[in-house]
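What follows is a short report on a single structure.
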Amino acid sequence: MTTAFLNTDALPYCKGCGHDLIARHTTKALDKLNYDPLDVIMVTDIGCHGIIDKCLNTHTVHGLHGRSVALGAGISFGNMDPNKKIVVFIGDGGTTIGLQHILEAARLNLNMTVVVHNNYLYGMTGGQSSGLTPQGFNTTTSAEGNPFSGYDLCALTHAAGAAYTGRIMGIGDISDKLAEVFALKGFSLIEVLEICPSYGVKLNPRRKLQEIVEKSGKPLGDWTQEREPFEAHQGKKTDDLLSRLPIVKKAFNSYLKKPLSLVVSGSAGEGVQLAAGLISKAALISGLHVTQKGSYPVTVGVGFSTAEINLSNEHIRFHGINVPDMAIITSADGLAHNRKKIEAMKEGMLIIDSSLTAPQTEAEVIQHDFRALGARNAAIFSVFFFALKTGIISTEAIFKVIENEGKTEKLPLAKIKEALSVI
Amino acid sequence: MQNINKEKRTLVDASRLIIESMARAGADAFIGYPITPANLLYQYGSQRMPLMLAAPDEITTLQWMAGLAAAGKVPITATSFPGYALMIESVNMAYMMELPMVIILVQRLGPATGTATCGAQGDLSLLRGNISGGHPMPVFSTSSFADCWTLSAKAVKTAVELRTPVVLLTSKEEVMTTKSFDLATLPEIEPVERKYYDLKCDGKYKSYKATGLVPDFLPVTQNKHQVRINASTHDKEGILQHSNDEAMANTQRLEDKIRHKLYDYIEYEYHESKGAEKLVVSFGITAAAAKDAIKKLEQQGKKVSLLIPKTLVPAPEVYIEIMESYNTVVVVEENINNQFSDMLYGIRKPANHRFVGSLGKMITPQQIIEEVQA
Ligand SMILES: Cc1ncc(C[n+]2csc(CCOP(=O)(O)OP(=O)(O)O)c2C)c(N)n1
Ligand code: SF4
Ligand SMILES: [Mg+2]
């Protein structure tokens, strides 16, 4: 006999398998709720329970082992119609490997129902123990009884935030219970307990489900909490990532003759990247082509902070810098990080804080007390110094960039100007 | 040449170009999990995409994307090898299910966690074989900021039109570098046109029945036709099968779909220098150094041609045809095992091929020049 939801009466399980009961009563429950089969999306996991797809008249999505809850979650995110029902079929094995997905869907309280077919073992692969196998239960991989107790899946899912969690025996007519759960908003999970005749019954002769459940210490029951179901909160969106980029026209001159590679380096927290950004932006409004990238340890708040900049009158393709043409070093961290590069310099210029001992190098060495204006201003000061010494960019261009960015108040420009005036 | 008055010069990083391009092409959801050097892409994705979701790991990322794609969205994500490694089974799932999505893979130095902030080109060998069965999954490689714009849109278009996951392969050095750039040079991007199975058709819709090589798509959120999506071996209807003829024909179609259809999606640059006997082949981040090298050699009066492959998987034969027309071929990529040549020739690389590789350092134009002149 077929029903609105089932296209066959012959379900593909071994004789007596509890999965049969769950599949029939799931479809019966959906029928009771008057769902159109094509308003139901059944997502099935890999495992014996998952081979039900072909018998169903709903949409069917058959994914990977353990991932079906996340897959169903994705559909839930993408579904805008509250009249659709997303049901996930998963086993105790899939639950074990994909537990995170269940907790996540519960935490977000996504609109969907997960039906866990807990037969206490991996049926499809031959009856091995899973994370839900109770202590003392025999499986093919624990013939003398599982030494560990199983997860309390309902407790975990409830704690993660599911609107509903429940544990029932897979015996008798469970369609009313399932219908009740399917009708709920938000995330619901129902764990249905059963024994797999092919492995569970065989390996645990004369043991009744009732007794196994009692001994497992995982009570039957319902656990609910009042929570709003998931709604995407997307915050403020930009409709175009490019439209707000500042478009600049050439407004200053540069005395750059040939392409220049420059390393600016100091300590984290001392404004190195900001300072390097000033060079790049000042170069841009001076008509130059620019590349800039940062380099710092994984913990960005300590140690060195280096910026690599290329400036050219022409389009720059390769932006790597092995040996720079120029280096600006404002702290010991910066020096340590670039010592080899500086030693390899055959020409060019090293601008370095006077507190540091310049390494052996063939570059022209210019020292200045950049830290005089405070460690936090050392890099910024060095950039103005660089402009003044080289003419590659002008100090006016840097001031303009600072003004454009509304940073005039934030930087000690008066102090910098005063310090520059005596150079 | 660009009219100077129309110029729109600014500083921009490639991450921004990639995300904006994909959004304009029709990507509408970004699923993210943080990983250096893909974090800028995540940040921009969250600002730009109509839907942004923060996944708790990369397996979830891909599963959520697949679910969204089944519901009719065009999701994208960005990651690096450690994250991609976690995604692979799910990438296979999306491939088998024929769900569109784009994964921006930002290469960094491996193995394993390697160095998060160091660039590399070490993931091609993985990508050319990451679908079980060896079936090809489209991989596009960006080699300039201009590519980051056009190929990103192309990746979205390919994913939708061929119903497949697509990898956009880039590198730390590309997506974390800021450059002066003229936005006026960016061509318009046409949003990809989504074609659905005609709901008015009376016949039975079969999820994997394809008149061409690509089956018509219907989301699971409509209720006119039953949709069956399946990651296991399946027939045209989407029903699980062991290995019957119909199911094998379906799997064969997956292979054919990418191999045949991707001919419409082949992207490469070939700068032929008439009379040149040497060819430099380079892709991705290293192509910039190769361009500089060729230019310098040209200035010295030396003729060298340049091939920049951009469709990396499946590799079109034209690459071999071009390479075979030169006496000397220098392949340049930032790894130490010449993965590009390995893909084309296996263990027997032609005797006239040379390789410039590197580990943990960008290859310089000078290194290329030296090998070309050696
Ligand atoms: C990643 C992955 N690991 C392992 C498997 C093999 N596998 C297939 S089904 C299954 C167990 C299914 O057990 P369960 O989820 O409890 O379902 P049941 O068969 O008991 O209904 C396993 C481990 C797989 N398909 N994928
Ligand atoms: S092996 Fe066990 S779980 Fe699988 S169908 Fe048979 S009885 Fe059911
Ligand atoms: Mg099981």
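Please note that chains go A, B, ... in the order of the structure tokens, that every chain numbers its residues from 1, and that ligands are numbered from 1 in the order shown.
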**OP:** Return as a VMD selection string every polymer residue, whether protein, DNA or RNA, with at least one atom no more than 8 Å from an atom of ligand 1; count only C-alpha atoms and all ligand atoms.
**Re:** (chain A and resid 19 45 to 50 64 to 66 90 to 97 117 to 125 127 130 196) or (chain B and resid 89)
Pull N, CA and C atoms from the residues just selected and write them as a PDB file, in the first residue's frame.
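Writing done, so here's again_30.pdb:
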ATOM      1  N   HIS A  19      14.061   1.037  12.056  1.00  0.00           N
ATOM      2  CA  HIS A  19      14.028   2.135  11.083  1.00  0.00           C
ATOM      3  C   HIS A  19      12.699   2.142  10.320  1.00  0.00           C
ATOM      4  N   ASP A  45      21.018  10.969   6.044  1.00  0.00           N
ATOM      5  CA  ASP A  45      22.435  10.731   6.293  1.00  0.00           C
ATOM      6  C   ASP A  45      22.849   9.410   5.638  1.00  0.00           C
ATOM      7  N   ILE A  46      24.121   9.081   5.759  1.00  0.00           N
ATOM      8  CA  ILE A  46      24.583   7.770   5.292  1.00  0.00           C
ATOM      9  C   ILE A  46      24.476   6.794   6.459  1.00  0.00           C
ATOM     10  N   GLY A  47      23.860   5.684   6.196  1.00  0.00           N
ATOM     11  CA  GLY A  47      23.567   4.682   7.212  1.00  0.00           C
ATOM     12  C   GLY A  47      22.327   3.963   6.738  1.00  0.00           C
ATOM     13  N   CYS A  48      21.951   2.889   7.415  1.00  0.00           N
ATOM     14  CA  CYS A  48      20.786   2.126   6.957  1.00  0.00           C
ATOM     15  C   CYS A  48      19.535   2.997   6.839  1.00  0.00           C
ATOM     16  N   HIS A  49      19.335   3.878   7.819  1.00  0.00           N
ATOM     17  CA  HIS A  49      18.147   4.734   7.820  1.00  0.00           C
ATOM     18  C   HIS A  49      18.077   5.615   6.572  1.00  0.00           C
ATOM     19  N   GLY A  50      19.261   5.887   5.966  1.00  0.00           N
ATOM     20  CA  GLY A  50      19.344   6.858   4.872  1.00  0.00           C
ATOM     21  C   GLY A  50      18.930   6.299   3.526  1.00  0.00           C
ATOM     22  N   LEU A  64      26.246  13.237   3.056  1.00  0.00           N
ATOM     23  CA  LEU A  64      27.388  12.472   3.556  1.00  0.00           C
ATOM     24  C   LEU A  64      27.098  11.905   4.935  1.00  0.00           C
ATOM     25  N   HIS A  65      27.969  11.013   5.347  1.00  0.00           N
ATOM     26  CA  HIS A  65      27.838  10.422   6.680  1.00  0.00           C
ATOM     27  C   HIS A  65      28.113  11.477   7.759  1.00  0.00           C
ATOM     28  N   GLY A  66      27.115  11.726   8.563  1.00  0.00           N
ATOM     29  CA  GLY A  66      27.279  12.641   9.694  1.00  0.00           C
ATOM     30  C   GLY A  66      27.013  14.104   9.393  1.00  0.00           C
ATOM     31  N   ILE A  90      18.980  10.806  10.692  1.00  0.00           N
ATOM     32  CA  ILE A  90      20.391  10.514  10.971  1.00  0.00           C
ATOM     33  C   ILE A  90      20.456   9.367  11.977  1.00  0.00           C
ATOM     34  N   GLY A  91      21.561   8.637  11.984  1.00  0.00           N
ATOM     35  CA  GLY A  91      21.732   7.532  12.930  1.00  0.00           C
ATOM     36  C   GLY A  91      22.558   7.942  14.127  1.00  0.00           C
ATOM     37  N   ASP A  92      22.772   6.999  15.040  1.00  0.00           N
ATOM     38  CA  ASP A  92      23.650   7.280  16.176  1.00  0.00           C
ATOM     39  C   ASP A  92      25.086   7.426  15.685  1.00  0.00           C
ATOM     40  N   GLY A  93      25.417   6.718  14.591  1.00  0.00           N
ATOM     41  CA  GLY A  93      26.758   6.851  14.024  1.00  0.00           C
ATOM     42  C   GLY A  93      26.958   8.232  13.436  1.00  0.00           C
ATOM     43  N   GLY A  94      26.024   8.676  12.631  1.00  0.00           N
ATOM     44  CA  GLY A  94      26.108  10.015  12.029  1.00  0.00           C
ATOM     45  C   GLY A  94      26.144  11.080  13.098  1.00  0.00           C
ATOM     46  N   THR A  95      25.414  10.839  14.171  1.00  0.00           N
ATOM     47  CA  THR A  95      25.404  11.776  15.293  1.00  0.00           C
ATOM     48  C   THR A  95      26.786  11.871  15.923  1.00  0.00           C
ATOM     49  N   THR A  96      27.454  10.725  16.016  1.00  0.00           N
ATOM     50  CA  THR A  96      28.779  10.702  16.639  1.00  0.00           C
ATOM     51  C   THR A  96      29.784  11.499  15.816  1.00  0.00           C
ATOM     52  N   ILE A  97      29.825  11.235  14.529  1.00  0.00           N
ATOM     53  CA  ILE A  97      30.833  11.909  13.687  1.00  0.00           C
ATOM     54  C   ILE A  97      30.450  13.371  13.428  1.00  0.00           C
ATOM     55  N   HIS A 117      17.881   8.066  14.619  1.00  0.00           N
ATOM     56  CA  HIS A 117      17.597   6.631  14.669  1.00  0.00           C
ATOM     57  C   HIS A 117      18.677   5.989  15.523  1.00  0.00           C
ATOM     58  N   ASN A 118      18.431   5.947  16.829  1.00  0.00           N
ATOM     59  CA  ASN A 118      19.481   5.416  17.706  1.00  0.00           C
ATOM     60  C   ASN A 118      19.293   3.918  17.928  1.00  0.00           C
ATOM     61  N   ASN A 119      20.015   3.149  17.130  1.00  0.00           N
ATOM     62  CA  ASN A 119      20.007   1.690  17.333  1.00  0.00           C
ATOM     63  C   ASN A 119      21.292   1.240  18.004  1.00  0.00           C
ATOM     64  N   TYR A 120      21.974   2.188  18.611  1.00  0.00           N
ATOM     65  CA  TYR A 120      23.125   1.924  19.481  1.00  0.00           C
ATOM     66  C   TYR A 120      24.349   1.369  18.772  1.00  0.00           C
ATOM     67  N   LEU A 121      24.343   1.388  17.475  1.00  0.00           N
ATOM     68  CA  LEU A 121      25.540   0.921  16.755  1.00  0.00           C
ATOM     69  C   LEU A 121      25.512   1.365  15.287  1.00  0.00           C
ATOM     70  N   TYR A 122      26.655   1.197  14.655  1.00  0.00           N
ATOM     71  CA  TYR A 122      26.770   1.492  13.232  1.00  0.00           C
ATOM     72  C   TYR A 122      26.215   0.291  12.477  1.00  0.00           C
ATOM     73  N   GLY A 123      24.975   0.391  12.042  1.00  0.00           N
ATOM     74  CA  GLY A 123      24.352  -0.747  11.376  1.00  0.00           C
ATOM     75  C   GLY A 123      24.966  -1.042  10.018  1.00  0.00           C
ATOM     76  N   MET A 124      25.009  -0.043   9.194  1.00  0.00           N
ATOM     77  CA  MET A 124      25.409  -0.264   7.808  1.00  0.00           C
ATOM     78  C   MET A 124      26.811  -0.852   7.653  1.00  0.00           C
ATOM     79  N   THR A 125      27.710  -0.501   8.568  1.00  0.00           N
ATOM     80  CA  THR A 125      29.091  -0.960   8.412  1.00  0.00           C
ATOM     81  C   THR A 125      29.384  -2.232   9.203  1.00  0.00           C
ATOM     82  N   GLY A 127      27.858  -3.141  12.584  1.00  0.00           N
ATOM     83  CA  GLY A 127      27.524  -3.253  14.007  1.00  0.00           C
ATOM     84  C   GLY A 127      28.596  -2.822  14.986  1.00  0.00           C
ATOM     85  N   SER A 130      29.183   3.023  18.637  1.00  0.00           N
ATOM     86  CA  SER A 130      29.176   4.449  18.315  1.00  0.00           C
ATOM     87  C   SER A 130      29.263   5.250  19.599  1.00  0.00           C
ATOM     88  N   CYS A 196      18.874  -2.903  16.437  1.00  0.00           N
ATOM     89  CA  CYS A 196      19.081  -3.442  15.094  1.00  0.00           C
ATOM     90  C   CYS A 196      19.046  -4.967  15.178  1.00  0.00           C
TER      91      CYS A 196
ATOM     92  N   GLU B  89      35.750  16.239   1.325  1.00  0.00           N
ATOM     93  CA  GLU B  89      34.665  15.264   1.180  1.00  0.00           C
ATOM     94  C   GLU B  89      33.374  15.979   0.767  1.00  0.00           C
TER      95      GLU B  89
END
**OP:** Considering only C-alpha atoms, extract the chain B residues located within 6 Å of chain A and return them as a PyMOL selection string.
**Re:** chain B and resi 8-10+20+47-48+60+63-64+67-68+71+177-180+223+226-231+239+288-289
Can you tell me which residues surround Gly16 in chain A at a distance of at most 12 Å, considering only C-alpha atoms, apart from same-chain residues fewer than 2 positions away, and format the answer as a PDB file with N, CA and C atoms, in the first residue's frame?
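Generated file (selection01.pdb):
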ATOM      1  N   LEU A  11       9.636  -1.285   2.535  1.00  0.00           N
ATOM      2  CA  LEU A  11      10.759  -0.424   2.896  1.00  0.00           C
ATOM      3  C   LEU A  11      12.053  -1.252   2.916  1.00  0.00           C
ATOM      4  N   PRO A  12      13.167  -0.621   2.634  1.00  0.00           N
ATOM      5  CA  PRO A  12      14.398  -1.366   2.302  1.00  0.00           C
ATOM      6  C   PRO A  12      15.222  -1.837   3.501  1.00  0.00           C
ATOM      7  N   TYR A  13      14.574  -2.174   4.603  1.00  0.00           N
ATOM      8  CA  TYR A  13      15.358  -2.564   5.775  1.00  0.00           C
ATOM      9  C   TYR A  13      15.274  -4.062   6.033  1.00  0.00           C
ATOM     10  N   CYS A  14      16.175  -4.563   6.877  1.00  0.00           N
ATOM     11  CA  CYS A  14      16.096  -5.963   7.310  1.00  0.00           C
ATOM     12  C   CYS A  14      14.767  -6.145   8.060  1.00  0.00           C
ATOM     13  N   GLY A  18      13.995  -1.340  13.403  1.00  0.00           N
ATOM     14  CA  GLY A  18      13.263  -0.208  13.961  1.00  0.00           C
ATOM     15  C   GLY A  18      13.166   0.977  13.011  1.00  0.00           C
ATOM     16  N   HIS A  19      14.061   1.037  12.056  1.00  0.00           N
ATOM     17  CA  HIS A  19      14.028   2.135  11.083  1.00  0.00           C
ATOM     18  C   HIS A  19      12.699   2.142  10.320  1.00  0.00           C
ATOM     19  N   ASP A  20      12.169   0.945  10.111  1.00  0.00           N
ATOM     20  CA  ASP A  20      10.917   0.781   9.375  1.00  0.00           C
ATOM     21  C   ASP A  20       9.797   1.542  10.089  1.00  0.00           C
ATOM     22  N   LEU A  21       9.733   1.355  11.375  1.00  0.00           N
ATOM     23  CA  LEU A  21       8.692   2.001  12.183  1.00  0.00           C
ATOM     24  C   LEU A  21       8.848   3.531  12.132  1.00  0.00           C
ATOM     25  N   ILE A  22      10.088   3.982  12.237  1.00  0.00           N
ATOM     26  CA  ILE A  22      10.318   5.435  12.244  1.00  0.00           C
ATOM     27  C   ILE A  22       9.917   6.044  10.891  1.00  0.00           C
ATOM     28  N   GLY A 170      11.210   3.461  20.236  1.00  0.00           N
ATOM     29  CA  GLY A 170      10.696   3.230  18.888  1.00  0.00           C
ATOM     30  C   GLY A 170       9.772   2.029  18.854  1.00  0.00           C
ATOM     31  N   ILE A 171       8.738   2.102  19.646  1.00  0.00           N
ATOM     32  CA  ILE A 171       7.783   0.988  19.754  1.00  0.00           C
ATOM     33  C   ILE A 171       6.366   1.554  19.642  1.00  0.00           C
ATOM     34  N   GLU A 194      15.936   2.112  19.418  1.00  0.00           N
ATOM     35  CA  GLU A 194      15.559   0.859  18.763  1.00  0.00           C
ATOM     36  C   GLU A 194      16.739  -0.105  18.839  1.00  0.00           C
ATOM     37  N   ILE A 195      16.509  -1.342  18.481  1.00  0.00           N
ATOM     38  CA  ILE A 195      17.632  -2.287  18.374  1.00  0.00           C
ATOM     39  C   ILE A 195      17.682  -2.823  16.946  1.00  0.00           C
ATOM     40  N   CYS A 196      18.874  -2.903  16.437  1.00  0.00           N
ATOM     41  CA  CYS A 196      19.081  -3.442  15.094  1.00  0.00           C
ATOM     42  C   CYS A 196      19.046  -4.967  15.178  1.00  0.00           C
ATOM     43  N   PRO A 197      18.059  -5.604  14.543  1.00  0.00           N
ATOM     44  CA  PRO A 197      17.956  -7.070  14.668  1.00  0.00           C
ATOM     45  C   PRO A 197      19.202  -7.786  14.152  1.00  0.00           C
ATOM     46  N   SER A 198      19.797  -7.275  13.121  1.00  0.00           N
ATOM     47  CA  SER A 198      20.903  -8.001  12.505  1.00  0.00           C
ATOM     48  C   SER A 198      22.152  -8.029  13.380  1.00  0.00           C
ATOM     49  N   TYR A 199      22.424  -6.972  14.119  1.00  0.00           N
ATOM     50  CA  TYR A 199      23.615  -6.974  14.982  1.00  0.00           C
ATOM     51  C   TYR A 199      23.251  -6.844  16.456  1.00  0.00           C
ATOM     52  N   GLY A 200      22.422  -5.858  16.755  1.00  0.00           N
ATOM     53  CA  GLY A 200      22.098  -5.586  18.152  1.00  0.00           C
ATOM     54  C   GLY A 200      21.426  -6.760  18.841  1.00  0.00           C
ATOM     55  N   VAL A 201      20.422  -7.314  18.200  1.00  0.00           N
ATOM     56  CA  VAL A 201      19.681  -8.427  18.811  1.00  0.00           C
ATOM     57  C   VAL A 201      20.577  -9.652  18.874  1.00  0.00           C
TER      58      VAL A 201
END
**OP:** Please provide as a PyMOL selection string all residues within 12 Å of Pro37 in chain B, with the sequence filter that same-chain residues fewer than 2 positions apart are discarded (counting only C-alpha atoms).
**Re:** (chain A and resi 294-295+298) or (chain B and resi 14-15+33-35+39-43+78-83+104-109+113+115-120+170-177)
**OP:** Run DSSP on the backbone and give me the residues of range 64-261 of chain B it puts in strand (DSSP E), as a PyMOL selection string.
**Re:** chain B and resi 75-79+101-107+139-141+165-171+177-182+228-230
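Note that CA of Arg227 in chain A and CA of Ala179 in chain A are 19.9 Å apart.
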**OP:** Once DSSP has gone over the backbone, tell me which residues of range 73-222 of chain B are in helix (DSSP H, G or I), as a ChimeraX atom specification.
**Re:** /B:81-97,124-127,145-162,172-175,183-185
Now that the selection is made, can you save its residues with N, CA and C atoms as a CSV table (one decimal), in the first residue's frame?
chain,number,residue,atom,x,y,z
B,81,PHE,N,44.7,26.1,2.6
B,81,PHE,CA,44.8,24.6,2.6
B,81,PHE,C,44.2,23.9,3.9
B,82,PRO,N,44.5,24.3,5.1
B,82,PRO,CA,44.0,23.6,6.2
B,82,PRO,C,42.5,23.5,6.2
B,83,GLY,N,41.8,24.6,5.8
B,83,GLY,CA,40.4,24.6,5.7
B,83,GLY,C,39.9,23.8,4.5
B,84,TYR,N,40.6,24.0,3.4
B,84,TYR,CA,40.2,23.2,2.2
B,84,TYR,C,40.3,21.7,2.5
B,85,ALA,N,41.3,21.3,3.2
B,85,ALA,CA,41.5,19.9,3.5
B,85,ALA,C,40.2,19.3,4.1
B,86,LEU,N,39.7,20.1,5.1
B,86,LEU,CA,38.5,19.7,5.8
B,86,LEU,C,37.3,19.6,4.8
B,87,MET,N,37.3,20.5,3.8
B,87,MET,CA,36.2,20.6,2.9
B,87,MET,C,36.1,19.5,1.9
B,88,ILE,N,37.2,18.8,1.6
B,88,ILE,CA,37.2,18.0,0.4
B,88,ILE,C,36.1,16.9,0.3
B,89,GLU,N,35.7,16.2,1.3
B,89,GLU,CA,34.7,15.3,1.2
B,89,GLU,C,33.4,16.0,0.8
B,90,SER,N,33.2,17.2,1.4
B,90,SER,CA,32.0,17.9,1.0
B,90,SER,C,32.0,18.5,-0.3
B,91,VAL,N,33.2,18.9,-0.8
B,91,VAL,CA,33.4,19.4,-2.2
B,91,VAL,C,33.0,18.2,-3.1
B,92,ASN,N,33.4,17.0,-2.8
B,92,ASN,CA,33.0,15.9,-3.6
B,92,ASN,C,31.5,15.7,-3.6
B,93,MET,N,30.9,15.9,-2.5
B,93,MET,CA,29.4,15.8,-2.3
B,93,MET,C,28.8,16.8,-3.3
B,94,ALA,N,29.2,18.1,-3.2
B,94,ALA,CA,28.6,19.1,-4.0
B,94,ALA,C,28.8,18.8,-5.5
B,95,TYR,N,30.0,18.3,-5.8
B,95,TYR,CA,30.3,17.9,-7.2
B,95,TYR,C,29.3,16.8,-7.7
B,96,MET,N,29.1,15.8,-6.9
B,96,MET,CA,28.2,14.7,-7.2
B,96,MET,C,26.8,15.2,-7.2
B,97,MET,N,26.4,16.1,-6.3
B,97,MET,CA,25.0,16.6,-6.3
B,97,MET,C,24.8,17.6,-7.4
B,124,LEU,N,48.1,22.9,-6.4
B,124,LEU,CA,47.6,22.5,-7.7
B,124,LEU,C,47.5,21.0,-7.8
B,125,SER,N,48.5,20.3,-7.3
B,125,SER,CA,48.5,18.8,-7.4
B,125,SER,C,47.3,18.2,-6.6
B,126,LEU,N,47.0,18.9,-5.5
B,126,LEU,CA,45.8,18.4,-4.8
B,126,LEU,C,44.5,18.7,-5.6
B,127,LEU,N,44.4,19.8,-6.1
B,127,LEU,CA,43.2,20.2,-6.8
B,127,LEU,C,42.9,19.4,-8.1
B,145,PHE,N,45.6,41.7,-10.8
B,145,PHE,CA,44.4,42.3,-10.2
B,145,PHE,C,43.3,42.3,-11.2
B,146,ALA,N,43.6,42.5,-12.5
B,146,ALA,CA,42.6,42.4,-13.5
B,146,ALA,C,41.9,41.0,-13.6
B,147,ASP,N,42.7,40.0,-13.4
B,147,ASP,CA,42.2,38.6,-13.3
B,147,ASP,C,41.2,38.5,-12.1
B,148,CYS,N,41.7,39.1,-11.0
B,148,CYS,CA,40.8,39.0,-9.8
B,148,CYS,C,39.4,39.5,-10.1
B,149,TRP,N,39.3,40.4,-11.0
B,149,TRP,CA,38.0,40.9,-11.3
B,149,TRP,C,37.3,40.0,-12.3
B,150,THR,N,38.0,39.7,-13.4
B,150,THR,CA,37.3,39.0,-14.5
B,150,THR,C,37.1,37.5,-14.2
B,151,LEU,N,38.2,36.9,-13.6
B,151,LEU,CA,38.1,35.5,-13.4
B,151,LEU,C,37.1,35.1,-12.2
B,152,SER,N,37.0,36.1,-11.3
B,152,SER,CA,36.1,35.8,-10.1
B,152,SER,C,34.7,35.7,-10.6
B,153,ALA,N,34.3,36.6,-11.5
B,153,ALA,CA,33.0,36.6,-12.1
B,153,ALA,C,32.9,35.3,-12.9
B,154,LYS,N,33.9,35.0,-13.6
B,154,LYS,CA,33.9,33.8,-14.5
B,154,LYS,C,33.7,32.5,-13.6
B,155,ALA,N,34.3,32.5,-12.5
B,155,ALA,CA,34.2,31.4,-11.6
B,155,ALA,C,32.7,31.2,-11.2
B,156,VAL,N,32.1,32.3,-10.8
B,156,VAL,CA,30.7,32.2,-10.5
B,156,VAL,C,29.8,31.7,-11.6
B,157,LYS,N,30.1,32.3,-12.8
B,157,LYS,CA,29.3,31.9,-14.0
B,157,LYS,C,29.5,30.4,-14.3
B,158,THR,N,30.7,30.0,-14.2
B,158,THR,CA,31.0,28.6,-14.5
B,158,THR,C,30.3,27.7,-13.5
B,159,ALA,N,30.4,28.1,-12.2
B,159,ALA,CA,29.7,27.2,-11.2
B,159,ALA,C,28.2,27.1,-11.5
B,160,VAL,N,27.6,28.2,-11.8
B,160,VAL,CA,26.2,28.2,-12.1
B,160,VAL,C,25.8,27.4,-13.4
B,161,GLU,N,26.6,27.8,-14.4
B,161,GLU,CA,26.2,27.2,-15.7
B,161,GLU,C,26.5,25.7,-15.8
B,162,LEU,N,27.6,25.3,-15.2
B,162,LEU,CA,28.0,23.9,-15.2
B,162,LEU,C,27.5,23.1,-14.0
B,172,LYS,N,48.4,34.2,-0.9
B,172,LYS,CA,48.5,35.2,0.1
B,172,LYS,C,49.1,36.5,-0.5
B,173,GLU,N,50.1,36.4,-1.4
B,173,GLU,CA,50.7,37.6,-2.0
B,173,GLU,C,49.8,38.4,-2.8
B,174,GLU,N,48.7,37.8,-3.3
B,174,GLU,CA,47.8,38.5,-4.2
B,174,GLU,C,46.7,39.2,-3.3
B,175,VAL,N,46.1,38.4,-2.4
B,175,VAL,CA,44.9,38.9,-1.7
B,175,VAL,C,45.3,39.8,-0.5
B,183,LEU,N,40.4,52.0,-11.3
B,183,LEU,CA,39.1,51.3,-11.3
B,183,LEU,C,38.4,51.4,-12.6
B,184,ALA,N,38.8,52.5,-13.4
B,184,ALA,CA,38.1,52.7,-14.7
B,184,ALA,C,38.5,51.6,-15.7
B,185,THR,N,39.5,50.8,-15.4
B,185,THR,CA,39.9,49.7,-16.3
B,185,THR,C,39.1,48.5,-16.1
Subject >> Distance query Ile190 in chain A at most 6 Å, only C-alpha atoms, self and fewer than 3 positions along chain excluded, as a ChimeraX atom specification >> reply: /A:115,165-167
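Taking only C-alpha atoms, the non-local environment of Val263 in chain A within 7 Å (same-chain residues fewer than 2 positions away omitted) comprises Ser261, Ser265, Thr306, Ala307, Glu308, Ile309, Pro324, Met326, Ala327 and Ile328 of chain A.
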